[in-house]
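Pasting start26.cif here (mmCIF, C-alpha atoms):
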```cif
data_my_file
#
loop_
_atom_site.label_atom_id
_atom_site.label_comp_id
_atom_site.auth_asym_id
_atom_site.auth_seq_id
_atom_site.Cartn_x
_atom_site.Cartn_y
_atom_site.Cartn_z
CA MET X 1 -84.89 -84.08 18.54
CA THR X 2 -85.94 -83.72 14.91
CA GLY X 3 -84.42 -80.68 13.23
CA ILE X 4 -81.71 -80.24 15.89
CA HIS X 5 -78.15 -81.02 14.87
CA THR X 6 -74.65 -79.89 15.72
CA THR X 7 -72.38 -78.31 13.14
CA PRO X 8 -70.36 -81.16 11.62
CA ASP X 9 -66.57 -81.08 11.48
CA PRO X 10 -65.57 -80.64 7.82
CA ARG X 11 -62.44 -82.72 8.38
CA ALA X 12 -64.54 -85.64 9.59
CA LEU X 13 -66.80 -85.25 6.57
CA ARG X 14 -63.73 -85.21 4.33
CA ASP X 15 -62.40 -88.37 5.94
CA LEU X 16 -65.73 -90.13 5.43
CA ALA X 17 -65.90 -88.98 1.81
CA VAL X 18 -62.36 -90.27 1.22
CA ARG X 19 -63.14 -93.70 2.67
CA VAL X 20 -66.35 -94.09 0.71
CA ALA X 21 -64.95 -92.74 -2.57
CA THR X 22 -62.00 -95.12 -2.28
CA GLU X 23 -64.24 -98.14 -1.74
CA ALA X 24 -66.65 -97.08 -4.48
CA GLY X 25 -63.77 -96.51 -6.90
CA GLU X 26 -62.45 -99.99 -6.21
CA LEU X 27 -65.88 -101.50 -6.83
CA ALA X 28 -66.31 -99.61 -10.10
CA ALA X 29 -62.79 -100.46 -11.30
CA GLU X 30 -63.39 -104.16 -10.65
CA GLY X 31 -66.57 -104.05 -12.72
CA GLN X 32 -65.29 -102.02 -15.66
CA ALA X 33 -64.12 -104.89 -17.86
CA GLY X 34 -67.54 -106.49 -18.31
CA VAL X 35 -69.75 -103.43 -18.22
CA THR X 36 -72.60 -102.87 -20.69
CA VAL X 37 -75.23 -100.18 -21.18
CA LEU X 38 -78.17 -100.67 -18.83
CA ASP X 39 -80.29 -97.65 -19.75
CA THR X 40 -80.21 -94.16 -21.24
CA LYS X 41 -81.28 -90.83 -19.74
CA SER X 42 -81.62 -87.57 -21.62
CA SER X 43 -80.66 -88.98 -25.03
CA PRO X 44 -79.44 -92.25 -26.63
CA THR X 45 -75.85 -91.11 -26.01
CA ASP X 46 -76.46 -90.34 -22.31
CA VAL X 47 -75.87 -93.84 -20.96
CA VAL X 48 -76.23 -95.52 -17.59
CA THR X 49 -74.47 -98.75 -16.69
CA LYS X 50 -75.27 -101.31 -14.03
CA MET X 51 -72.13 -100.18 -12.22
CA ASP X 52 -73.33 -96.54 -12.08
CA ARG X 53 -76.29 -97.70 -10.03
CA ALA X 54 -74.39 -100.28 -7.98
CA THR X 55 -71.70 -97.75 -7.11
CA GLU X 56 -74.24 -95.13 -6.04
CA GLU X 57 -76.08 -97.69 -3.92
CA LEU X 58 -72.83 -98.53 -2.15
CA ILE X 59 -72.07 -94.84 -1.56
CA ARG X 60 -75.53 -94.17 -0.16
CA SER X 61 -75.38 -97.16 2.18
CA ARG X 62 -71.92 -96.28 3.50
CA LEU X 63 -72.72 -92.61 4.10
CA LEU X 64 -76.04 -93.35 5.79
CA ALA X 65 -74.48 -96.03 7.97
CA VAL X 66 -72.38 -93.28 9.57
CA ARG X 67 -74.74 -90.31 9.21
CA PRO X 68 -78.27 -91.75 8.87
CA ASP X 69 -80.10 -88.40 9.02
CA ASP X 70 -78.24 -86.71 6.18
CA THR X 71 -79.58 -85.94 2.72
CA ILE X 72 -77.99 -87.48 -0.37
CA LEU X 73 -78.29 -86.04 -3.86
CA GLY X 74 -77.04 -88.59 -6.38
CA GLU X 75 -76.96 -88.50 -10.15
CA GLU X 76 -78.77 -91.81 -10.48
CA GLY X 77 -81.06 -91.88 -7.43
CA GLY X 78 -82.07 -88.25 -7.04
CA GLU X 79 -82.37 -86.55 -3.65
CA ALA X 80 -83.57 -88.23 -0.46
CA GLY X 81 -82.89 -88.07 3.25
CA GLY X 82 -83.48 -86.23 6.45
CA ASP X 83 -82.34 -83.22 8.41
CA GLY X 84 -78.91 -84.25 9.63
CA GLY X 85 -77.36 -80.94 8.60
CA VAL X 86 -75.36 -82.25 5.64
CA ARG X 87 -76.27 -82.83 2.02
CA TRP X 88 -73.98 -85.20 0.19
CA VAL X 89 -73.65 -84.53 -3.55
CA VAL X 90 -72.61 -87.71 -5.34
CA ASP X 91 -71.56 -88.69 -8.84
CA PRO X 92 -70.97 -92.45 -8.71
CA ILE X 93 -69.15 -92.63 -12.05
CA ASP X 94 -68.38 -89.32 -13.74
CA GLY X 95 -67.31 -90.12 -17.27
CA THR X 96 -69.60 -93.07 -17.90
CA VAL X 97 -68.88 -93.23 -21.64
CA ASN X 98 -65.14 -93.43 -20.89
CA TYR X 99 -65.93 -96.13 -18.36
CA LEU X 100 -68.03 -98.05 -20.88
CA TYR X 101 -65.22 -98.00 -23.46
CA GLY X 102 -62.51 -99.11 -21.03
CA GLN X 103 -60.81 -95.73 -20.88
CA PRO X 104 -59.13 -94.47 -17.69
CA ASP X 105 -60.58 -90.98 -17.33
CA TRP X 106 -63.56 -91.47 -15.03
CA GLY X 107 -63.98 -90.88 -11.33
CA VAL X 108 -66.13 -91.18 -8.22
CA ALA X 109 -67.00 -87.79 -6.74
CA ILE X 110 -68.43 -87.15 -3.26
CA ALA X 111 -69.00 -83.70 -1.75
CA ALA X 112 -70.39 -82.67 1.65
CA GLU X 113 -72.50 -79.51 1.65
CA VAL X 114 -73.52 -77.58 4.78
CA ASP X 115 -75.99 -74.68 4.49
CA GLY X 116 -75.54 -74.67 0.73
CA VAL X 117 -71.74 -74.51 0.85
CA VAL X 118 -69.46 -77.41 -0.09
CA VAL X 119 -67.11 -77.89 2.86
CA ALA X 120 -65.45 -81.23 2.10
CA ALA X 121 -64.83 -83.39 -0.94
CA ALA X 122 -63.18 -86.47 -2.32
CA VAL X 123 -62.65 -87.64 -5.89
CA SER X 124 -61.22 -91.07 -6.69
CA VAL X 125 -59.77 -91.65 -10.17
CA PRO X 126 -58.89 -95.34 -9.80
CA ARG X 127 -57.38 -96.03 -13.20
CA ARG X 128 -54.95 -93.13 -12.71
CA GLY X 129 -54.21 -94.20 -9.13
CA GLU X 130 -55.28 -90.77 -7.87
CA LEU X 131 -57.28 -89.86 -4.79
CA TYR X 132 -58.09 -86.18 -4.36
CA GLU X 133 -59.45 -84.59 -1.19
CA ALA X 134 -60.18 -81.11 0.14
CA VAL X 135 -61.61 -79.20 3.09
CA LEU X 136 -62.94 -75.67 2.67
CA GLY X 137 -60.18 -73.33 3.80
CA GLY X 138 -57.85 -76.26 4.46
CA GLY X 139 -56.33 -76.87 1.05
CA SER X 140 -56.51 -79.86 -1.24
CA ARG X 141 -54.33 -82.93 -1.70
CA CYS X 142 -53.72 -85.72 -4.17
CA ASN X 143 -52.55 -89.01 -2.68
CA GLY X 144 -51.68 -87.11 0.48
CA GLU X 145 -49.53 -84.47 -1.22
CA PRO X 146 -50.65 -80.79 -1.15
CA LEU X 147 -51.93 -79.41 -4.44
CA GLN X 148 -51.12 -75.98 -5.82
CA ALA X 149 -52.22 -75.18 -9.35
CA PRO X 150 -49.53 -73.69 -11.60
CA PRO X 151 -49.55 -69.90 -12.13
CA ALA X 152 -51.83 -68.44 -14.77
CA VAL X 153 -50.64 -68.20 -18.35
CA PRO X 154 -51.84 -65.76 -21.00
CA LEU X 155 -54.99 -66.91 -22.79
CA ALA X 156 -53.03 -67.48 -26.00
CA GLN X 157 -50.85 -70.04 -24.17
CA ALA X 158 -53.67 -71.79 -22.31
CA LEU X 159 -54.50 -75.46 -22.73
CA VAL X 160 -58.26 -75.49 -22.20
CA ALA X 161 -60.33 -78.53 -21.27
CA THR X 162 -64.00 -78.73 -22.22
CA GLY X 163 -66.85 -81.14 -22.78
CA PHE X 164 -69.99 -81.52 -24.87
CA GLY X 165 -73.64 -82.17 -24.12
CA TYR X 166 -75.82 -85.09 -25.10
CA PHE X 167 -78.34 -83.26 -27.32
CA ALA X 168 -77.49 -82.75 -30.99
CA GLU X 169 -78.74 -79.14 -30.95
CA ARG X 170 -76.51 -78.29 -27.99
CA ARG X 171 -73.50 -79.89 -29.64
CA VAL X 172 -74.01 -77.78 -32.75
CA GLN X 173 -73.82 -74.60 -30.66
CA GLN X 174 -70.89 -75.91 -28.64
CA ALA X 175 -69.04 -76.60 -31.89
CA ARG X 176 -69.70 -73.04 -33.05
CA VAL X 177 -68.29 -71.71 -29.79
CA LEU X 178 -65.26 -73.98 -30.06
CA VAL X 179 -64.47 -72.73 -33.57
CA GLU X 180 -64.30 -69.19 -32.19
CA VAL X 181 -62.32 -70.15 -29.08
CA LEU X 182 -59.58 -72.20 -30.78
CA PRO X 183 -57.74 -69.32 -32.51
CA HIS X 184 -57.30 -67.56 -29.16
CA ILE X 185 -55.78 -70.40 -27.09
CA ARG X 186 -52.95 -72.95 -27.21
CA ASP X 187 -55.25 -75.94 -27.74
CA ILE X 188 -58.34 -77.82 -26.56
CA ARG X 189 -58.59 -81.08 -24.64
CA ARG X 190 -61.81 -83.11 -24.40
CA GLY X 191 -61.33 -85.74 -21.72
CA GLY X 192 -64.92 -86.86 -21.12
CA SER X 193 -65.14 -86.34 -17.35
CA ALA X 194 -65.64 -83.01 -15.61
CA ALA X 195 -64.35 -84.53 -12.36
CA VAL X 196 -61.11 -85.55 -14.03
CA ASP X 197 -60.85 -82.23 -15.88
CA LEU X 198 -61.33 -80.11 -12.75
CA THR X 199 -59.01 -82.13 -10.54
CA GLY X 200 -56.58 -82.12 -13.46
CA LEU X 201 -56.58 -78.32 -13.32
CA ALA X 202 -55.47 -78.52 -9.70
CA ALA X 203 -52.75 -80.98 -10.72
CA GLY X 204 -51.54 -78.79 -13.60
CA ARG X 205 -52.64 -80.98 -16.53
CA SER X 206 -54.43 -78.05 -18.17
CA ASN X 207 -54.78 -74.32 -17.59
CA ALA X 208 -58.53 -73.76 -17.83
CA PHE X 209 -61.88 -75.46 -18.24
CA TYR X 210 -65.35 -74.56 -19.44
CA GLU X 211 -68.48 -76.60 -20.11
CA ARG X 212 -72.20 -76.07 -20.52
CA GLY X 213 -74.77 -78.50 -19.15
CA LEU X 214 -73.08 -79.73 -15.98
CA ASN X 215 -75.03 -80.49 -12.81
CA ALA X 216 -74.14 -80.00 -9.15
CA TRP X 217 -72.77 -83.54 -8.83
CA ASP X 218 -70.38 -82.84 -11.71
CA TRP X 219 -68.69 -79.84 -10.10
CA ALA X 220 -69.36 -79.95 -6.33
CA ALA X 221 -66.50 -82.22 -5.24
CA PRO X 222 -63.89 -81.52 -7.95
CA GLY X 223 -64.76 -77.82 -7.82
CA LEU X 224 -63.77 -77.57 -4.16
CA ILE X 225 -60.56 -79.50 -4.82
CA ALA X 226 -59.68 -77.14 -7.66
CA SER X 227 -60.59 -73.98 -5.75
CA GLU X 228 -58.54 -75.04 -2.73
CA ALA X 229 -55.57 -75.42 -5.10
CA GLY X 230 -55.93 -71.80 -6.27
CA ILE X 231 -58.40 -72.22 -9.14
CA ARG X 232 -61.40 -69.93 -9.49
CA VAL X 233 -64.51 -71.99 -10.22
CA GLY X 234 -67.57 -70.06 -11.35
CA GLY X 235 -69.90 -69.22 -14.19
CA LEU X 236 -70.29 -66.61 -16.89
CA HIS X 237 -69.64 -62.98 -15.92
CA GLY X 238 -67.98 -64.19 -12.73
CA GLY X 239 -71.16 -65.66 -11.28
CA PRO X 240 -71.42 -69.00 -9.48
CA PRO X 241 -71.07 -72.28 -11.37
CA ALA X 242 -74.36 -73.27 -12.96
CA ASN X 243 -75.92 -75.62 -15.46
CA ASP X 244 -75.69 -72.82 -18.02
CA LEU X 245 -71.89 -72.72 -17.83
CA VAL X 246 -69.00 -73.65 -15.57
CA ILE X 247 -65.63 -71.90 -16.00
CA ALA X 248 -62.48 -72.72 -14.04
CA ALA X 249 -58.96 -71.27 -14.19
CA ARG X 250 -56.49 -69.23 -12.22
CA PRO X 251 -58.22 -65.86 -11.53
CA GLU X 252 -56.36 -63.82 -14.16
CA LEU X 253 -56.94 -66.43 -16.86
CA TYR X 254 -60.55 -66.94 -15.70
CA ASP X 255 -61.33 -63.31 -16.48
CA ALA X 256 -59.82 -63.57 -19.96
CA LEU X 257 -61.67 -66.80 -20.78
CA ASP X 258 -64.91 -65.40 -19.36
CA ALA X 259 -64.56 -62.34 -21.61
CA LEU X 260 -63.91 -64.56 -24.63
CA LEU X 261 -66.88 -66.86 -23.99
CA ALA X 262 -69.50 -64.26 -23.05
CA PRO X 263 -70.22 -62.85 -26.54
CA LEU X 264 -70.09 -66.31 -28.14
CA GLY X 265 -73.25 -67.60 -26.45
CA ALA X 266 -71.39 -70.35 -24.60
CA ASP X 267 -74.15 -70.40 -21.97
CA ARG X 268 -77.02 -71.09 -24.38
CA ASP X 269 -78.10 -73.58 -27.03
#
```

Would you give me this structure, written as structure tokens?
Amino acid sequence: MTGIHTTPDPRALRDLAVRVATEAGELAAEGQAGVTVLDTKSSPTDVVTKMDRATEELIRSRLLAVRPDDTILGEEGGEAGGDGGVRWVVDPIDGTVNYLYGQPDWGVAIAAEVDGVVVAAAVSVPRRGELYEAVLGGGSRCNGEPLQAPPAVPLAQALVATGFGYFAERRVQQARVLVEVLPHIRDIRRGGSAAVDLTGLAAGRSNAFYERGLNAWDWAAPGLIASEAGIRVGGLHGGPPANDLVIAARPELYDALDALLAPLGADRD
């Protein structure tokens, strides 16, 4: 009957996300060498490639083949679907500019959301040979090995990952914020993919992350993977992650970074 569905098993959703992310990552990796810009979105620097769209089409078809009544929210195709009880949040290629330039830091991110809560996730980073997965309350893994983020460090010793928006006005403000942040931390890293940055937190490649202008598909899957590894993923003043600002770090470091960013206007242009 329409509107009637059983509660899905998060582990089964995770397994499906892993299979589809793996296949989509392989497709995207095979197409990286000859990729060119197909279109732009919010600005001339916000590019879309043919492989972004092809990868999302593959993801949609594979998910719907197994769960035809579910909703899918994808970066390229928007939101569509039925009332199967699950909303899939998909970024077919997170880090498209890296992808376009032949760089390795890009990934395929797939999250399963039930009643507004992300319960399962997978992120494939093919050029690094990494496959991340997580179930809410069940921990996260990379290539089958459990993930546990390193302990928090003082803010002054933190390696902080961040990213920049596509609008010139936003970048000006982000640069102002960065100038004020740099004297208080170990250093900054700008990798070009929120999915790689957030999963990298879980793997210990940095200590913290913040970025303005992200969307749900940027943080849904890697955010669960990071949080299941002991990272707090939220927004300014300890709120939920939002387009205004996403902050991620071990809880003690999160509070210190939050306090540093709040008076700097990191959540506004």

Set up a box along x, y and z of the file covering all listed atoms of stretch 126-145 of chain X, add 3 Å on every one of the six sides, and write the centre and edge lengths in Å to one decimal, as AutoDock Vina command-line options.
```
--center_x -56.2 --center_y -84.7 --center_z -4.4 --size_x 19.4 --size_y 28.7 --size_z 23.7
```

Find the residues near X:Val86: any atom within 10 Å, counting only C-alpha atoms, skip ones fewer than 5 places away on the same chain, and give them as a ChimeraX atom specification. /X:5,7-8,13,67,69-72,81,111-119

Worksheet entry | Å distance separating atom CA of X:Thr199 from atom CA of X:Gly238, one decimal place |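 One can read the atom CA of X:Thr199 to atom CA of X:Gly238 distance as 20.2 Å.
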
Original post:
Using only C-alpha atoms, which residue out of X:Leu182, X:Val66, X:Ile59, X:Val246 lies closest to X:Leu214?
Top reply: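 Closest candidate: X:Val246.
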
With distances taken over all atoms listed in the file, which residue among X:Val97, X:Ala65, X:Val35, X:Ala29 lies nearest X:Leu16?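 Result for the nearest residue to X:Leu16: X:Ala65.
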
Write out as a CSV table (one decimal) with C-alpha atoms, in the frame of the given file which residues come within 8 Å of stretch 248-261 of chain X when counting all atoms listed in the file, dropping same-chain ones fewer than 4 positions away.
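After the write, result28.csv holds the following:
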```csv
chain,number,residue,atom,x,y,z
X,149,ALA,CA,-52.2,-75.2,-9.4
X,151,PRO,CA,-49.6,-69.9,-12.1
X,152,ALA,CA,-51.8,-68.4,-14.8
X,153,VAL,CA,-50.6,-68.2,-18.4
X,154,PRO,CA,-51.8,-65.8,-21.0
X,155,LEU,CA,-55.0,-66.9,-22.8
X,177,VAL,CA,-68.3,-71.7,-29.8
X,181,VAL,CA,-62.3,-70.2,-29.1
X,198,LEU,CA,-61.3,-80.1,-12.8
X,201,LEU,CA,-56.6,-78.3,-13.3
X,207,ASN,CA,-54.8,-74.3,-17.6
X,208,ALA,CA,-58.5,-73.8,-17.8
X,209,PHE,CA,-61.9,-75.5,-18.2
X,210,TYR,CA,-65.4,-74.6,-19.4
X,230,GLY,CA,-55.9,-71.8,-6.3
X,231,ILE,CA,-58.4,-72.2,-9.1
X,232,ARG,CA,-61.4,-69.9,-9.5
X,233,VAL,CA,-64.5,-72.0,-10.2
X,234,GLY,CA,-67.6,-70.1,-11.4
X,236,LEU,CA,-70.3,-66.6,-16.9
X,237,HIS,CA,-69.6,-63.0,-15.9
X,238,GLY,CA,-68.0,-64.2,-12.7
X,265,GLY,CA,-73.2,-67.6,-26.4
X,266,ALA,CA,-71.4,-70.4,-24.6
```

Report the distance between atom CA of X:Asn98 and atom CA of X:Glu30 in Å, rounded to one decimal place.
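Straight-line distance from atom CA of X:Asn98 to atom CA of X:Glu30 works out to 14.9 Å.
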
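Atom pair atom CA of X:Pro10 / atom CA of X:Val108 has a distance of 19.2 Å (rounded to one decimal).
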
Subject >> Closest of X:Ile247, X:Ala194, X:Ile110, X:Val90 to X:Gly165 - atom-to-atom distances counting only C-alpha atoms >> reply: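 The answer is X:Ala194, which sits nearest to X:Gly165.
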
Point to revise | Answer key for the PyMOL selection byres ((chain X and resi 137) around 10), residues as a VMD selection string | key: chain X and resid 10 119 to 120 134 to 136 138 to 140 224 227 to 228

Go ahead and save the picked residues with C-alpha atoms, as a PDB file, in the coordinates of the input.
```
ATOM      1  CA  PRO X  10     -65.570 -80.640   7.820  1.00  0.00           C
ATOM      2  CA  VAL X 119     -67.110 -77.890   2.860  1.00  0.00           C
ATOM      3  CA  ALA X 120     -65.450 -81.230   2.100  1.00  0.00           C
ATOM      4  CA  ALA X 134     -60.180 -81.110   0.140  1.00  0.00           C
ATOM      5  CA  VAL X 135     -61.610 -79.200   3.090  1.00  0.00           C
ATOM      6  CA  LEU X 136     -62.940 -75.670   2.670  1.00  0.00           C
ATOM      7  CA  GLY X 138     -57.850 -76.260   4.460  1.00  0.00           C
ATOM      8  CA  GLY X 139     -56.330 -76.870   1.050  1.00  0.00           C
ATOM      9  CA  SER X 140     -56.510 -79.860  -1.240  1.00  0.00           C
ATOM     10  CA  LEU X 224     -63.770 -77.570  -4.160  1.00  0.00           C
ATOM     11  CA  SER X 227     -60.590 -73.980  -5.750  1.00  0.00           C
ATOM     12  CA  GLU X 228     -58.540 -75.040  -2.730  1.00  0.00           C
TER      13      GLU X 228
END
```

Applied to this file, what does the PyMOL selection byres ((chain X and resi 94) around 10) return in terms of residues, put as a list in words? Asp52, Glu75, Val90, Asp91, Pro92, Ile93, Gly95, Thr96, Val97, Asn98, Tyr99, Asp105, Trp106, Gly107, Val108, Ala109, Val123, Val125, Gly192, Ser193, Ala194, Ala195, Val196, Trp217 and Asp218 of chain X
